[in-house]
>>> print(open('coords-v2.tsv').read())   # TSV, C-alpha atoms and all ligand atoms
chain	number	residue	atom	x	y	z
A	265	MET	CA	-11.41	-12.79	-10.62
A	266	SER	CA	-15.23	-12.79	-10.87
A	267	ARG	CA	-16.92	-11.47	-13.98
A	268	PHE	CA	-18.15	-8.57	-11.83
A	269	PHE	CA	-14.78	-7.20	-10.73
A	270	SER	CA	-14.43	-3.64	-11.94
A	271	GLU	CA	-12.16	-3.22	-14.91
A	272	LYS	CA	-10.49	-0.31	-13.15
A	273	TYR	CA	-8.83	-2.84	-10.85
A	274	SER	CA	-7.97	-5.46	-13.46
A	275	GLU	CA	-4.26	-4.55	-13.36
A	276	LEU	CA	-4.06	-4.30	-9.57
A	277	THR	CA	-1.52	-6.55	-7.83
A	278	PRO	CA	-2.34	-6.44	-4.13
A	279	TYR	CA	0.28	-6.04	-1.41
A	280	THR	CA	1.46	-9.36	0.03
A	281	PRO	CA	1.74	-9.24	3.82
A	282	GLY	CA	4.39	-11.43	5.49
A	283	GLU	CA	3.22	-14.99	6.07
A	284	GLN	CA	1.41	-15.82	9.32
A	285	PRO	CA	1.65	-19.62	9.28
A	286	ARG	CA	-0.44	-21.73	11.65
A	287	ASP	CA	1.20	-25.10	10.90
A	288	MET	CA	3.84	-24.98	13.63
A	289	LYS	CA	5.37	-22.67	16.18
A	290	TYR	CA	8.05	-20.58	14.52
A	291	VAL	CA	10.49	-18.06	15.85
A	292	LYS	CA	8.71	-15.33	13.94
A	293	LEU	CA	11.16	-12.78	12.59
A	294	ASN	CA	9.33	-11.98	9.36
A	295	THR	CA	6.79	-9.20	9.93
A	296	ASN	CA	8.62	-6.68	12.10
A	297	GLU	CA	6.32	-7.20	15.07
A	298	SER	CA	7.58	-6.49	18.58
A	299	PRO	CA	8.58	-9.53	20.65
A	300	PHE	CA	7.19	-7.77	23.74
A	301	ALA	CA	3.52	-7.73	24.76
A	302	PRO	CA	1.99	-4.34	25.50
A	303	CYS	CA	1.95	-3.35	29.17
A	304	GLN	CA	-0.94	-4.38	31.42
A	305	ALA	CA	-2.51	-0.90	31.41
A	306	VAL	CA	-3.01	-1.18	27.64
A	307	ILE	CA	-4.63	-4.59	27.94
A	308	ASP	CA	-6.91	-3.38	30.75
A	309	ALA	CA	-7.91	-0.23	28.85
A	310	ALA	CA	-8.88	-2.27	25.79
A	311	ALA	CA	-10.89	-4.71	27.89
A	312	SER	CA	-12.86	-2.03	29.71
A	313	ALA	CA	-13.56	-0.15	26.46
A	314	ALA	CA	-15.00	-3.36	25.03
A	315	ALA	CA	-17.69	-3.20	27.73
A	316	SER	CA	-19.23	-0.30	25.73
A	317	TYR	CA	-19.02	-1.99	22.33
A	318	GLN	CA	-22.75	-1.41	21.73
A	319	LEU	CA	-21.84	2.26	21.09
A	320	TYR	CA	-19.91	3.64	18.14
A	321	PRO	CA	-16.49	5.01	18.94
A	322	ASP	CA	-15.77	8.76	18.88
A	323	PRO	CA	-15.27	9.52	15.15
A	324	ASP	CA	-12.86	12.36	16.05
A	325	CYS	CA	-10.90	10.03	18.33
A	326	LYS	CA	-10.44	13.07	20.57
A	327	ALA	CA	-8.84	11.54	23.66
A	328	LEU	CA	-6.12	9.79	21.68
A	329	THR	CA	-5.60	12.78	19.38
A	330	ASP	CA	-5.09	15.06	22.39
A	331	ALA	CA	-2.69	12.59	24.00
A	332	LEU	CA	-0.66	12.36	20.78
A	333	ALA	CA	-0.67	16.14	20.39
A	334	ALA	CA	0.83	16.46	23.88
A	335	ARG	CA	3.38	13.70	23.22
A	336	TYR	CA	4.62	15.20	19.94
A	337	GLY	CA	4.20	18.92	20.72
A	338	VAL	CA	1.71	19.67	17.95
A	339	ALA	CA	-1.90	20.89	17.93
A	340	PRO	CA	-4.76	18.37	17.83
A	341	ASP	CA	-5.83	19.67	14.39
A	342	GLU	CA	-2.38	18.74	13.08
A	343	ILE	CA	-3.05	15.03	13.73
A	344	LEU	CA	-5.24	12.39	12.12
A	345	LEU	CA	-5.68	8.91	13.58
A	346	THR	CA	-6.09	6.01	11.16
A	347	ASN	CA	-6.54	2.26	11.09
A	348	GLY	CA	-2.85	1.47	10.95
A	349	SER	CA	-0.45	3.71	9.09
A	350	ASP	CA	-1.28	1.94	5.83
A	351	GLU	CA	-4.58	3.82	6.03
A	352	ILE	CA	-2.97	7.25	6.44
A	353	LEU	CA	-0.69	6.41	3.51
A	354	ASN	CA	-3.65	5.41	1.36
A	355	PHE	CA	-5.62	8.51	2.43
A	356	ALA	CA	-2.64	10.68	1.48
A	357	PHE	CA	-2.37	9.04	-1.94
A	358	MET	CA	-6.12	9.58	-2.41
A	359	ALA	CA	-6.08	13.16	-1.18
A	360	PHE	CA	-2.98	14.59	-2.86
A	361	CYS	CA	-2.22	12.49	-5.95
A	362	ASP	CA	-3.91	12.16	-9.31
A	363	GLU	CA	-3.13	12.15	-13.05
A	364	LYS	CA	-1.79	15.70	-12.79
A	365	HIS	CA	-0.01	15.11	-9.48
A	366	PRO	CA	1.91	11.85	-9.80
A	367	ILE	CA	4.10	10.43	-7.07
A	368	ALA	CA	7.73	9.34	-6.90
A	369	PHE	CA	9.43	6.91	-4.55
A	370	ALA	CA	12.50	4.68	-4.42
A	371	ASP	CA	12.78	1.45	-6.42
A	372	ILE	CA	13.53	-0.41	-3.19
A	373	THR	CA	11.06	0.72	-0.54
A	374	TYR	CA	7.80	-0.25	1.13
A	375	GLY	CA	5.78	-2.38	-1.30
A	376	PHE	CA	2.53	-0.70	-0.34
A	377	TYR	CA	3.38	2.51	-2.25
A	378	PRO	CA	3.05	1.09	-5.79
A	379	VAL	CA	-0.08	-0.78	-4.70
A	380	ALA	CA	-1.73	2.37	-3.31
A	381	ALA	CA	-0.76	4.21	-6.50
A	382	GLN	CA	-2.26	1.48	-8.68
A	383	LEU	CA	-5.40	1.25	-6.52
A	384	ASN	CA	-6.03	4.97	-6.92
A	385	ARG	CA	-4.86	5.00	-10.54
A	386	ILE	CA	-2.06	7.44	-9.80
A	387	PRO	CA	0.92	7.56	-12.17
A	388	TYR	CA	4.14	6.85	-10.26
A	389	LYS	CA	7.84	6.97	-10.89
A	390	THR	CA	10.38	4.79	-9.12
A	391	ILE	CA	13.80	6.31	-8.56
A	392	PRO	CA	16.68	3.84	-8.04
A	393	LEU	CA	18.52	3.99	-4.74
A	394	LYS	CA	22.29	4.24	-5.05
A	395	GLU	CA	24.41	1.07	-5.28
A	396	ASP	CA	24.78	1.04	-1.48
A	397	PHE	CA	20.97	1.36	-1.09
A	398	THR	CA	21.12	4.92	0.23
A	399	LEU	CA	18.82	7.56	-1.21
A	400	ASP	CA	20.42	10.32	-3.26
A	401	PRO	CA	18.53	13.51	-2.34
A	402	GLU	CA	19.67	15.12	-5.60
A	403	ASP	CA	17.34	12.71	-7.46
A	404	TYR	CA	14.37	14.39	-5.76
A	405	ILE	CA	15.40	18.04	-5.75
A	406	GLY	CA	12.93	20.11	-7.75
A	407	ILE	CA	11.23	17.15	-9.48
A	408	GLY	CA	7.80	18.74	-9.04
A	409	MET	CA	6.11	15.50	-8.01
A	410	ASN	CA	4.61	14.25	-4.78
A	411	ILE	CA	7.14	12.05	-3.02
A	412	ALA	CA	6.95	9.18	-0.53
A	413	ILE	CA	10.06	8.57	1.57
A	414	ALA	CA	10.34	5.94	4.28
A	415	ASN	CA	12.40	7.17	7.27
A	416	PRO	CA	14.03	4.75	7.90
A	417	ASN	CA	13.51	2.88	4.67
A	418	ALA	CA	12.10	-0.63	4.45
A	419	PRO	CA	13.29	-3.29	3.78
A	420	THR	CA	16.81	-1.83	3.91
A	421	GLY	CA	16.56	-0.20	7.37
A	422	ILE	CA	18.67	2.74	6.15
A	423	ALA	CA	17.56	6.20	7.34
A	424	PRO	CA	17.79	9.26	5.10
A	425	LEU	CA	18.94	12.52	6.71
A	426	VAL	CA	16.13	14.78	7.94
A	427	SER	CA	18.12	17.70	6.51
A	428	ASP	CA	17.85	16.03	3.08
A	429	ILE	CA	14.09	15.55	3.53
A	430	GLU	CA	13.91	19.27	4.31
A	431	ARG	CA	15.86	20.19	1.15
A	432	ILE	CA	13.59	17.97	-0.91
A	433	ALA	CA	10.46	19.59	0.58
A	434	VAL	CA	11.79	23.11	0.05
A	435	SER	CA	12.66	22.38	-3.57
A	436	ASN	CA	9.19	20.96	-4.32
A	437	PRO	CA	6.94	23.56	-2.67
A	438	ASP	CA	3.86	22.63	-4.70
A	439	SER	CA	4.06	18.92	-3.93
A	440	VAL	CA	3.43	16.86	-0.80
A	441	ILE	CA	6.28	14.93	0.78
A	442	ILE	CA	4.93	11.91	2.64
A	443	VAL	CA	7.46	10.75	5.24
A	444	ASP	CA	6.65	7.23	6.40
A	445	GLU	CA	8.12	6.83	9.88
A	446	ALA	CA	6.79	3.39	10.81
A	447	TYR	CA	10.19	2.47	12.29
A	448	VAL	CA	11.47	5.86	13.44
A	449	ASP	CA	11.55	4.97	17.17
A	450	PHE	CA	14.40	2.50	16.67
A	451	GLY	CA	17.12	5.10	16.58
A	452	THR	CA	16.67	7.81	14.01
A	453	GLU	CA	15.55	11.42	13.87
A	454	SER	CA	11.90	12.20	13.07
A	455	ALA	CA	10.76	14.74	10.48
A	456	ILE	CA	7.84	15.83	12.73
A	457	PRO	CA	9.51	19.18	13.63
A	458	LEU	CA	9.57	20.04	9.91
A	459	THR	CA	5.76	19.95	9.80
A	460	LYS	CA	5.78	23.18	11.84
A	461	LYS	CA	7.87	24.96	9.21
A	462	TYR	CA	6.51	23.58	5.95
A	463	ASP	CA	2.94	23.09	4.78
A	464	ASN	CA	3.85	20.27	2.39
A	465	ILE	CA	5.23	17.59	4.74
A	466	LEU	CA	3.05	14.82	6.11
A	467	VAL	CA	4.62	12.42	8.59
A	468	ALA	CA	3.01	8.99	9.06
A	469	GLN	CA	3.69	6.93	12.18
A	470	THR	CA	2.23	3.82	13.79
A	471	PHE	CA	1.72	2.04	17.12
A	472	SER	CA	2.40	-1.28	15.35
A	473	LYS	CA	6.14	-1.54	15.86
A	474	SER	CA	7.65	0.51	18.70
A	475	ARG	CA	4.49	0.29	20.83
A	476	SER	CA	3.86	-3.45	20.36
A	477	MET	CA	0.35	-2.87	19.01
A	478	ALA	CA	0.28	-4.21	15.45
A	479	GLY	CA	-2.95	-6.01	16.35
A	480	ALA	CA	-4.69	-2.80	17.47
A	481	ARG	CA	-4.28	-1.08	14.08
A	482	ILE	CA	-3.41	2.46	15.18
A	483	GLY	CA	-1.59	4.76	12.79
A	484	PHE	CA	-1.48	8.53	12.60
A	485	GLY	CA	-0.45	11.40	10.40
A	486	ILE	CA	1.06	14.69	11.54
A	487	GLY	CA	1.13	17.71	9.26
A	488	ASN	CA	-0.04	21.24	8.65
A	489	LYS	CA	-3.69	21.62	9.62
A	490	ALA	CA	-4.84	22.23	6.04
A	491	LEU	CA	-3.30	18.89	4.98
A	492	ILE	CA	-4.98	17.19	7.94
A	493	ALA	CA	-8.32	18.80	7.03
A	494	ASP	CA	-8.03	17.31	3.51
A	495	LEU	CA	-7.21	13.91	4.96
A	496	ASN	CA	-10.24	14.22	7.24
A	497	THR	CA	-12.40	14.83	4.18
A	498	ILE	CA	-11.13	11.51	2.79
A	499	LYS	CA	-11.56	9.76	6.13
A	500	TYR	CA	-15.15	10.94	6.63
A	501	SER	CA	-15.91	9.88	3.04
A	502	THR	CA	-14.42	6.43	3.56
A	503	ASN	CA	-14.67	5.18	7.13
A	504	PRO	CA	-15.62	7.75	9.80
A	505	TYR	CA	-15.28	5.25	12.68
A	506	ASN	CA	-11.86	4.00	11.67
A	507	ILE	CA	-10.52	3.59	15.21
A	508	SER	CA	-12.35	1.11	17.43
A	509	ARG	CA	-13.24	1.92	21.04
A	510	ALA	CA	-10.76	-0.63	22.33
A	511	SER	CA	-7.94	0.67	20.15
A	512	ALA	CA	-8.58	4.31	21.06
A	513	ALA	CA	-8.52	3.48	24.79
A	514	ALA	CA	-5.49	1.23	24.42
A	515	GLY	CA	-3.68	3.97	22.51
A	516	VAL	CA	-4.23	6.50	25.32
A	517	ALA	CA	-2.99	3.97	27.89
A	518	ALA	CA	0.06	3.29	25.72
A	519	LEU	CA	0.98	6.98	25.66
A	520	GLU	CA	0.55	7.16	29.44
A	521	ASN	CA	3.15	4.39	29.63
A	522	ASP	CA	5.39	5.55	26.83
A	523	ASP	CA	8.57	4.93	28.88
A	524	TYR	CA	7.78	1.22	28.90
A	525	PHE	CA	7.62	1.15	25.10
A	526	MET	CA	10.61	3.40	24.50
A	527	ASN	CA	12.63	1.17	26.87
A	528	ASN	CA	11.62	-1.85	24.80
A	529	CYS	CA	12.89	0.00	21.73
A	530	ARG	CA	16.25	0.43	23.44
A	531	THR	CA	16.36	-3.30	24.20
A	532	ILE	CA	15.60	-4.07	20.56
A	533	MET	CA	18.39	-1.72	19.48
A	534	GLU	CA	20.81	-3.56	21.80
A	535	ASN	CA	19.62	-6.89	20.40
A	536	ARG	CA	20.11	-5.48	16.92
A	537	ALA	CA	23.73	-4.55	17.65
A	538	TRP	CA	24.36	-8.06	19.05
A	539	THR	CA	22.74	-9.71	16.01
A	540	VAL	CA	24.63	-7.56	13.50
A	541	ASP	CA	27.96	-8.52	15.14
A	542	ARG	CA	27.11	-12.24	15.06
A	543	LEU	CA	25.88	-12.07	11.44
A	544	LYS	CA	29.09	-10.35	10.38
A	545	GLU	CA	31.10	-13.11	12.09
A	546	LEU	CA	29.08	-15.57	10.02
A	547	GLY	CA	30.07	-13.94	6.74
A	548	PHE	CA	27.09	-11.64	6.26
A	549	ASP	CA	27.03	-8.21	4.76
A	550	VAL	CA	24.48	-6.27	6.88
A	551	LEU	CA	23.11	-2.90	5.81
A	552	PRO	CA	23.30	-0.21	8.54
A	553	SER	CA	19.88	-0.41	10.20
A	554	SER	CA	17.96	2.27	12.10
A	555	SER	CA	15.01	-0.07	12.40
A	556	ASN	CA	13.70	-3.14	14.23
A	557	PHE	CA	14.97	-5.35	11.43
A	558	VAL	CA	18.20	-5.92	9.54
A	559	PHE	CA	18.68	-6.58	5.85
A	560	ALA	CA	21.52	-8.98	5.24
A	561	GLN	CA	23.11	-11.18	2.62
A	562	ALA	CA	25.78	-13.87	2.84
A	563	ASP	CA	28.34	-14.93	0.27
A	564	TRP	CA	27.84	-18.63	1.08
A	565	ILE	CA	24.07	-18.97	0.62
A	566	GLU	CA	21.54	-17.35	-1.70
A	567	GLY	CA	18.70	-15.34	-0.07
A	568	GLY	CA	15.80	-17.56	-1.14
A	569	GLU	CA	17.66	-20.66	-0.06
A	570	LEU	CA	18.48	-19.16	3.34
A	571	TYR	CA	14.83	-18.24	3.86
A	572	LEU	CA	13.72	-21.83	3.08
A	573	ALA	CA	16.47	-23.46	5.14
A	574	LEU	CA	15.65	-21.29	8.16
A	575	LYS	CA	11.94	-21.98	7.75
A	576	SER	CA	12.56	-25.74	7.79
A	577	ARG	CA	14.51	-25.15	11.03
A	578	GLY	CA	11.60	-23.25	12.59
A	579	VAL	CA	12.79	-19.66	12.07
A	580	LEU	CA	10.80	-17.37	9.79
A	581	VAL	CA	12.48	-14.43	8.06
A	582	ARG	CA	11.32	-12.48	5.00
A	583	HIS	CA	12.66	-12.85	1.48
A	584	PHE	CA	11.73	-10.59	-1.45
A	585	THR	CA	12.16	-11.81	-5.02
A	586	LEU	CA	12.79	-8.33	-6.44
A	587	PRO	CA	15.85	-8.10	-8.74
A	588	ARG	CA	18.26	-5.93	-6.71
A	589	ILE	CA	17.51	-7.53	-3.35
A	590	SER	CA	16.81	-11.20	-4.05
A	591	ASN	CA	20.02	-12.26	-2.33
A	592	PHE	CA	19.01	-10.57	0.94
A	593	VAL	CA	16.78	-11.64	3.78
A	594	ARG	CA	15.05	-9.24	6.15
A	595	ILE	CA	15.30	-10.33	9.75
A	596	THR	CA	13.10	-8.77	12.43
A	597	ILE	CA	14.93	-8.06	15.68
A	598	GLY	CA	13.16	-9.90	18.49
A	599	SER	CA	14.07	-10.87	22.04
A	600	ILE	CA	17.66	-11.88	22.74
A	601	GLU	CA	16.53	-15.52	23.07
A	602	GLN	CA	14.97	-15.38	19.60
A	603	MET	CA	18.11	-13.84	18.15
A	604	GLN	CA	20.30	-16.46	19.83
A	605	ARG	CA	18.16	-19.17	18.25
A	606	LEU	CA	18.47	-17.50	14.82
A	607	ILE	CA	22.25	-17.37	15.17
A	608	GLU	CA	22.40	-21.01	16.33
A	609	GLU	CA	20.44	-22.13	13.28
A	610	ILE	CA	22.55	-20.07	10.87
A	611	THR	CA	25.75	-21.36	12.49
A	612	ALA	CA	24.56	-24.96	12.07
A	613	LEU	CA	23.54	-24.29	8.48
A	614	ARG	CA	26.90	-22.74	7.68
A	615	LYS	CA	28.73	-25.76	9.10
A	616	GLU	CA	26.85	-27.92	6.58
A	617	ARG	CA	27.74	-25.62	3.69
A	618	VAL	CA	31.15	-24.10	4.14
B	1	LIG	N1	5.21	1.69	6.52
B	1	LIG	C1	6.14	0.74	6.45
B	1	LIG	C2	7.48	1.09	5.88
B	1	LIG	C3	5.87	-0.57	6.89
B	1	LIG	O1	6.80	-1.54	6.80
B	1	LIG	C4	4.60	-0.86	7.44
B	1	LIG	C5	4.28	-2.24	7.96
B	1	LIG	N2	4.00	-3.19	6.99
B	1	LIG	C6	3.65	0.17	7.46
B	1	LIG	C7	4.00	1.43	7.02
B	1	LIG	C8	2.25	-0.05	7.91
B	1	LIG	O2	2.13	-0.53	9.20
B	1	LIG	P1	0.77	-0.39	10.00
B	1	LIG	O3	-0.36	-0.31	8.99
B	1	LIG	O4	0.71	-1.62	10.84
B	1	LIG	O5	0.87	0.87	10.78
>>> encode(input="coords-v2.tsv", output="structure tokens")
Amino acid sequence: MSRFFSEKYSELTPYTPGEQPRDMKYVKLNTNESPFAPCQAVIDAAASAAASYQLYPDPDCKALTDALAARYGVAPDEILLTNGSDEILNFAFMAFCDEKHPIAFADITYGFYPVAAQLNRIPYKTIPLKEDFTLDPEDYIGIGMNIAIANPNAPTGIAPLVSDIERIAVSNPDSVIIVDEAYVDFGTESAIPLTKKYDNILVAQTFSKSRSMAGARIGFGIGNKALIADLNTIKYSTNPYNISRASAAAGVAALENDDYFMNNCRTIMENRAWTVDRLKELGFDVLPSSSNFVFAQADWIEGGELYLALKSRGVLVRHFTLPRISNFVRITIGSIEQMQRLIEEITALRKERV
């Protein structure tokens, strides 16, 4: 820390992204990226947009907003595009939370929430998930706080019921419910339809996972137009040109080819089912996943050790040192070849141990 760093950030522990090592070629199953490249139309759209890089992008990101509005059956003023969904999450924390409006979220959930709360000096409460890592809606009914819920949750992969999200929103009418749907396209129901009925639900989604575009940094929020107007106030006070020309064009092309991406999601779900079966055969307890990753623990090897052993064998998975989950590893679901390699390495490792 320099002697100039503002005291207001002295307690801040930044979010740690998954490692992106350059030392050797790994089977990378640690950051929930897609194993599939975007389709050619996306690549071409980004390249031709780059030819106009001397000009600022459209700050309203109109073409992509309109395309998303059509895709999700909402009005353009019910959508805000952001630089990844981390940005919409941060904007929502900035816009709706403060000393008088704290936020609650699960003890085991996306690690960015406590960071965004600390960054914006927002008091927050963590509510323990049940023993089986499911969320108990009763814990959130009528708590009178803003709430962040990941649907499905990370790193567990478990999806809450949309009907429970609805009950939570109804019982906290003066608070905002932020529903983080980064992984929703891998087999669970979205809360987007609820945004038509309730003015206090904001859904955040991303092109990073299901649309193979983590590198483009496209996220978006869908909610009542008054919520979106507030978020626009934050956006225009922070970074008006938050979507690059190339990303905006690539995003439109992606939506024109949405079947390609949604097919890839189906392949990943098939690969997930295959991987879960093999892991169970190898003595793993695997949480029920609605995501492009699985969260699993074995009785014959500790989580941190498994992470290190797989890394030395050229397969990267993610391990978290948090108390309740330190025995687990989170494994991104990739191509079937990648999953076969993972299973081969675990099988070999188990032969050495058991
Ligand atoms: N929400 C969750 C639960 C995530 O795991 C991630 C990815 N780290 C994000 C949001 C943010 O992803 P992005 O900024 O790439 O949209």
>>> axis_aligned_box(input="coords-v2.tsv", around="segment 329-335 of chain A", padding_each_side="4 Å", output="lines of an AutoDock Vina configuration file")
center_x = -1.1
center_y = 14.4
center_z = 21.7
size_x = 17.0
size_y = 12.1
size_z = 12.6
>>> residues_around(input="coords-v2.tsv", residues="Glu351 of chain A", least_positions_apart="5", cutoff="10 Å", atoms="all atoms listed in the file", output="PDB file with C-alpha atoms, in the coordinates of the input")
ATOM      1  CA  LEU A 345      -5.680   8.910  13.580  1.00  0.00           C
ATOM      2  CA  THR A 346      -6.090   6.010  11.160  1.00  0.00           C
ATOM      3  CA  ALA A 356      -2.640  10.680   1.480  1.00  0.00           C
ATOM      4  CA  PHE A 357      -2.370   9.040  -1.940  1.00  0.00           C
ATOM      5  CA  ALA A 380      -1.730   2.370  -3.310  1.00  0.00           C
ATOM      6  CA  ALA A 468       3.010   8.990   9.060  1.00  0.00           C
ATOM      7  CA  ARG A 481      -4.280  -1.080  14.080  1.00  0.00           C
ATOM      8  CA  ILE A 482      -3.410   2.460  15.180  1.00  0.00           C
ATOM      9  CA  GLY A 483      -1.590   4.760  12.790  1.00  0.00           C
ATOM     10  CA  PHE A 484      -1.480   8.530  12.600  1.00  0.00           C
ATOM     11  CA  GLY A 485      -0.450  11.400  10.400  1.00  0.00           C
ATOM     12  CA  LYS A 499     -11.560   9.760   6.130  1.00  0.00           C
ATOM     13  CA  ASN A 506     -11.860   4.000  11.670  1.00  0.00           C
TER      14      ASN A 506
END
>>> atom_distance(input="coords-v2.tsv", atom1="atom CA of Ser590 of chain A", atom2="atom CA of Gly567 of chain A")
6.0 Å
>>> atom_distance(input="coords-v2.tsv", atom1="atom CA of Ile386 of chain A", atom2="atom CA of Pro419 of chain A")
23.1 Å
>>> residues_near_ligand(input="coords-v2.tsv", ligand="ligand LIG 1 (chain B)", cutoff="8 Å", atoms="all atoms listed in the file", output="PyMOL selection string")
chain A and resi 281+295-296+347-351+353+373-374+376+414-419+444-447+468-473+478-479+481-483
>>> residues_near_point(input="coords-v2.tsv", point="(11.3, -14.0, 13.7)", cutoff="7 Å", atoms="all atoms listed in the file", output="PyMOL selection string")
chain A and resi 291-294+579-581+595-596+598
>>> closest_residue(input="coords-v2.tsv", among="A:Trp564, A:Ile422, A:Thr452, A:Asp541", to="Lys394 of chain A", atoms="all atoms listed in the file")
A:Ile422
>>> atom_distance(input="coords-v2.tsv", atom1="atom CA of Tyr462 of chain A", atom2="atom CA of Pro437 of chain A")
8.6 Å
>>> residues_around(input="coords-v2.tsv", residues="Ala327 of chain A", least_positions_apart="5", cutoff="10 Å", atoms="only C-alpha atoms", output="ChimeraX atom specification")
/A:322,332-333,340,512-513,515-516
>>> residues_near_point(input="coords-v2.tsv", point="(-16.1, 0.7, 19.7)", cutoff="6 Å", atoms="all atoms listed in the file", output="VMD selection string")
chain A and resid 317 320 to 321 508 to 509
>>> residues_around(input="coords-v2.tsv", residues="Ser599 of chain A", least_positions_apart="4", cutoff="9 Å", atoms="all atoms listed in the file", output="compact mmCIF listing (two decimals) with C-alpha atoms, in the frame of the given file")
# COMPACT_ATOMS: atom_id res chain seq x y z
CA SER A 298 7.58 -6.49 18.58
CA PRO A 299 8.58 -9.53 20.65
CA PHE A 300 7.19 -7.77 23.74
CA THR A 531 16.36 -3.30 24.20
CA ILE A 532 15.60 -4.07 20.56
CA ASN A 535 19.62 -6.89 20.40
CA MET A 603 18.11 -13.84 18.15
CA GLN A 604 20.30 -16.46 19.83
>>> closest_residue(input="coords-v2.tsv", among="A:Leu393, A:Val593, A:Ala313, A:Ala368", to="Asp549 of chain A", atoms="only C-alpha atoms")
A:Val593
